[in-house]
Structures are given as C-alpha cells and as structure tokens.
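Since the structure comes first, as structure tokens, the remarks are kept for the end.
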Amino acid sequence: MPYPAARAPLLSLPRSLRLVLLLSLPLLLAAVPADSGGGWSAAPSGGGRPSFYFEGVPGAVLQDTVAVSNRGAEPLTVRLRAAGAGLRVAFAGPDALAVPARTRAEVPFAVTVPADALPGDRAGEIVVGDFAGREAAVPLLVRVGGPRLAALTVERVAVHGDRITYELVNRGTTVLVPRLAVHADGVLGAVLDRPPRTLPVRLPPGRRLALDEPWPDRPALDAVTVRLTVTAPGAAQATGRASARFVPWAAAAGAAAGALSAAAAAVAVRRRRRRPAAAEAESRGAPA
C-alpha cells in the first residue's frame, strides 16, 4: 500500500496550481538494477515517456511531474533546474530535494510560456543533479501555438565601394529562407541586373541579419540607383533602394592638378612679360 502523499511548500508557484510533492512506495533493488551513474535516475512521471512535451499558447501555464528514483541504500539529495528553451520553469518544494533510500520522489513543476512568445518549438531540458556532480537530463519540448505569419523587410541598403550592403529583418513568426534579386540603373540605363537566387541563410523570427552583395564591375563614372528585391515563401515581396555616385577621383585629382599647373604657368608668363614693359616705362618717366 503506498505511503500517504507528503505535501511540501509550493515555492515560486501560483496558489491556483496546487502542486504537491509525492513520495512513492519504496523501490526494491531486486526489481530494478542500480543505475551506473550513481544509483539514481530521472524521468517523466508515469513511465513510458522519454521526454516532456507541452503544447500551449503565449501566456499559458503548463504542468507536469518529474520522477527522481533513488535505488541506492543511502539517502540522496538533488537539485532540479531547467536549461534552455527560454521558458520560465518553477518546481514545487524546496531547492534541495532529499530522496530516501529505495524511494521515488515525484516533483511537480510548471512551465510558463511568455506572453510575447512567437509560435514554434522551444527545446530545453529538466536537469537533476546530485552533490557529487552527477546529472540526469530529461528533454523538454514546448510547442507554442498561434498564427503563423511570414513577413520580411530589407533595410539600410547602401553602396560602399565595390559592395552593396543591406539588412534583412524577419517581421513574422516563422523561419524564412529569403531570395534576393539585385538591379541598378545608371544615367544611360541598367548597369546591374541579377536574377532572384536563394540566399544561404535561415532567418528566425524577430532576427535582423546584415549581409552584403559584391559588385566588382561597378561603373567608374556614373550616378546609379540600386534596388534590392527580397522574397520568401508565404511573405510579400520587399524592396529596398539606395543611390550612389561613382567618380574616378584619381583621374579627377590628376586633371585638377594639371589645370592648376597650367594656370600657374600662364600667370608666370604674364608676369615675365610685364616686367620689361614696366622697366621701359620707368626709364621714360611714364607710369607703368
């Protein structure tokens, strides 16, 4: 006959959850062999499940129980924590859990899905560790429900030398694999036209990614307008533009230097011509 349920204080949990800590019937060593990792194990309560799985919408509070089985002849003290997933996990009972010998302790816990969570899967673990440094981790998967929206924008388009820089922003709730087309018009017509191609990136929801497009054969002298067109499955087409002027500054600087040299030479020639005329006028007593 099982022992009566031993109630423990519910730390960090809303009263409405009313979770309890249960100690089950002592386990017989003859029935289950000892674990090689220290004589204890952790698993979802109830048996038959290799991991925890939840489904819920943003803001939902999801509940389950982890079982810690001590098959050893000595009491066991463990701590429980959650890793990964980006979810709030609260356990019932004290921070350090004492499990008597040959006993299974069942620890309820609650997973809170953030109110601003985007639809999709979150993966993590429920980790149980003893004071000798041994740990047992049970996979935790939470599928967040909600409308699935594909939305993509291209921003901060600019031309820097022989590269076009830009940023892609996933404004939706699904992972996107974008396609990019590049076009540029100059004074006399198109100077760049690249058909759509799939980019080797996967853009998660809410992420911004800085990329660049090489343009090694850009014009040496022109005023251009660059247009980037980005698409993704299920998303509306997005377009970004930028303007740039290309000037061969080395040639322009050389031409300017030549013009200045020619002007300086002309001034020098005029001055040399005026000097004899001024001297002759002075010798005659006439003003120069």
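Residue numbering restarts at 1 for every chain of the structure tokens, chains are lettered A, B, ... in their displayed order, and ligands are numbered from 1 as they appear.
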Q: Identify all residues of range 181-263 of chain A in helix (DSSP H, G or I) (DSSP on the backbone) and supply them as a PyMOL selection string.
A: chain A and resi 249-263
Just C-alpha atoms for this one: save the residues we selected as a CSV table (one decimal), in the first residue's frame.
chain,number,residue,atom,x,y,z
A,249,TRP,CA,38.8,60.5,-58.0
A,250,ALA,CA,42.4,59.7,-59.0
A,251,ALA,CA,41.8,60.8,-62.6
A,252,ALA,CA,39.9,63.9,-61.4
A,253,ALA,CA,42.6,64.8,-59.0
A,254,GLY,CA,45.2,64.4,-61.8
A,255,ALA,CA,43.2,66.6,-64.1
A,256,ALA,CA,42.7,69.2,-61.4
A,257,ALA,CA,46.4,69.2,-60.7
A,258,GLY,CA,47.2,69.6,-64.4
A,259,ALA,CA,44.8,72.5,-64.7
A,260,LEU,CA,46.3,74.2,-61.6
A,261,SER,CA,49.8,73.8,-63.1
A,262,ALA,CA,48.7,75.3,-66.4
A,263,ALA,CA,47.1,78.2,-64.7
Per residue of range 32-89 of chain A within 6 Å of range 123-142 of chain A, what are the shortest atom pair and its distance in Å to one decimal, counting only C-alpha atoms, with rows by chain and residue number, as JSON lines?
{"residue": "A:Ser51", "atom": "CA", "partner": "A:Pro139", "partner_atom": "CA", "distance": 4.9}
{"residue": "A:Phe52", "atom": "CA", "partner": "A:Leu140", "partner_atom": "CA", "distance": 4.7}
{"residue": "A:Tyr53", "atom": "CA", "partner": "A:Leu141", "partner_atom": "CA", "distance": 4.9}
{"residue": "A:Phe54", "atom": "CA", "partner": "A:Val142", "partner_atom": "CA", "distance": 4.7}
{"residue": "A:Glu55", "atom": "CA", "partner": "A:Val142", "partner_atom": "CA", "distance": 5.8}
{"residue": "A:Val78", "atom": "CA", "partner": "A:Asp130", "partner_atom": "CA", "distance": 4.4}
{"residue": "A:Arg79", "atom": "CA", "partner": "A:Gly129", "partner_atom": "CA", "distance": 5.5}
{"residue": "A:Leu80", "atom": "CA", "partner": "A:Val128", "partner_atom": "CA", "distance": 4.6}
{"residue": "A:Arg81", "atom": "CA", "partner": "A:Val127", "partner_atom": "CA", "distance": 5.3}
{"residue": "A:Ala82", "atom": "CA", "partner": "A:Ile126", "partner_atom": "CA", "distance": 4.7}
{"residue": "A:Ala83", "atom": "CA", "partner": "A:Glu125", "partner_atom": "CA", "distance": 5.2}
{"residue": "A:Gly84", "atom": "CA", "partner": "A:Gly124", "partner_atom": "CA", "distance": 4.3}
{"residue": "A:Ala85", "atom": "CA", "partner": "A:Gly124", "partner_atom": "CA", "distance": 4.4}
Q.
From the options A:Glu106, A:Val154, A:Gly56, A:Asp95, which residue's atoms come nearest to Ala42 in chain A, counting only C-alpha atoms?
A. A:Glu106
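Rounded to one decimal, CA of Arg179 in chain A and CA of Thr153 in chain A lie 11.8 Å from each other.
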Q. Can you list, as a count of residues only, every protein, DNA or RNA residue that comes within 10 Å of Pro100 in chain A when you count only C-alpha atoms, leaving out same-chain residues fewer than 6 positions away?
A. 11
**Q.** Picked from range 146-262 of chain A by DSSP as strand (DSSP E), as a ChimeraX atom specification
**A.** /A:152-160,163-170,179-186,189-198,208-214,222-231,238-246
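Take CA of Arg163 in chain A and CA of Ala150 in chain A: the distance between them is 28.2 Å.
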Can you pull out every residue within 7 Å of Leu87 in chain A, counting only C-alpha atoms, but drop anything in the same chain fewer than 2 positions away, and send it as a PDB file with all heavy atoms, in the first residue's frame?
ATOM      1  N   ALA A  85      15.503  26.488 -23.748  1.00  0.00           N
ATOM      2  CA  ALA A  85      14.082  26.685 -24.074  1.00  0.00           C
ATOM      3  C   ALA A  85      13.611  28.129 -23.969  1.00  0.00           C
ATOM      4  O   ALA A  85      12.652  28.511 -24.617  1.00  0.00           O
ATOM      5  CB  ALA A  85      13.179  25.797 -23.220  1.00  0.00           C
ATOM      6  N   VAL A  89      10.450  28.049 -15.748  1.00  0.00           N
ATOM      7  CA  VAL A  89      10.103  26.764 -15.141  1.00  0.00           C
ATOM      8  C   VAL A  89      10.230  26.896 -13.627  1.00  0.00           C
ATOM      9  O   VAL A  89      11.270  27.335 -13.122  1.00  0.00           O
ATOM     10  CB  VAL A  89      11.011  25.635 -15.659  1.00  0.00           C
ATOM     11  CG1 VAL A  89      10.635  24.312 -14.995  1.00  0.00           C
ATOM     12  CG2 VAL A  89      10.906  25.517 -17.175  1.00  0.00           C
ATOM     13  N   VAL A 111       5.550  25.128 -16.321  1.00  0.00           N
ATOM     14  CA  VAL A 111       6.239  25.855 -17.386  1.00  0.00           C
ATOM     15  C   VAL A 111       5.330  26.994 -17.832  1.00  0.00           C
ATOM     16  O   VAL A 111       4.179  26.756 -18.223  1.00  0.00           O
ATOM     17  CB  VAL A 111       6.552  24.934 -18.582  1.00  0.00           C
ATOM     18  CG1 VAL A 111       7.234  25.720 -19.696  1.00  0.00           C
ATOM     19  CG2 VAL A 111       7.428  23.771 -18.142  1.00  0.00           C
ATOM     20  N   THR A 112       5.840  28.222 -17.766  1.00  0.00           N
ATOM     21  CA  THR A 112       5.071  29.389 -18.194  1.00  0.00           C
ATOM     22  C   THR A 112       5.581  29.864 -19.542  1.00  0.00           C
ATOM     23  O   THR A 112       6.770  30.166 -19.699  1.00  0.00           O
ATOM     24  CB  THR A 112       5.190  30.531 -17.174  1.00  0.00           C
ATOM     25  OG1 THR A 112       4.721  30.084 -15.904  1.00  0.00           O
ATOM     26  CG2 THR A 112       4.364  31.742 -17.614  1.00  0.00           C
ATOM     27  N   VAL A 113       4.695  29.894 -20.523  1.00  0.00           N
ATOM     28  CA  VAL A 113       5.049  30.384 -21.853  1.00  0.00           C
ATOM     29  C   VAL A 113       4.973  31.914 -21.838  1.00  0.00           C
ATOM     30  O   VAL A 113       3.940  32.472 -21.459  1.00  0.00           O
ATOM     31  CB  VAL A 113       4.098  29.821 -22.923  1.00  0.00           C
ATOM     32  CG1 VAL A 113       4.508  30.313 -24.307  1.00  0.00           C
ATOM     33  CG2 VAL A 113       4.086  28.293 -22.870  1.00  0.00           C
ATOM     34  N   PRO A 114       6.046  32.627 -22.190  1.00  0.00           N
ATOM     35  CA  PRO A 114       5.997  34.089 -22.177  1.00  0.00           C
ATOM     36  C   PRO A 114       4.846  34.630 -23.020  1.00  0.00           C
ATOM     37  O   PRO A 114       4.496  34.058 -24.055  1.00  0.00           O
ATOM     38  CB  PRO A 114       7.351  34.496 -22.767  1.00  0.00           C
ATOM     39  CG  PRO A 114       8.249  33.325 -22.489  1.00  0.00           C
ATOM     40  CD  PRO A 114       7.367  32.116 -22.581  1.00  0.00           C
TER      41      PRO A 114
END
Q | Length of the CA of Arg202 in chain A to CA of Leu176 in chain A vector [Å] | A | 5.7 Å
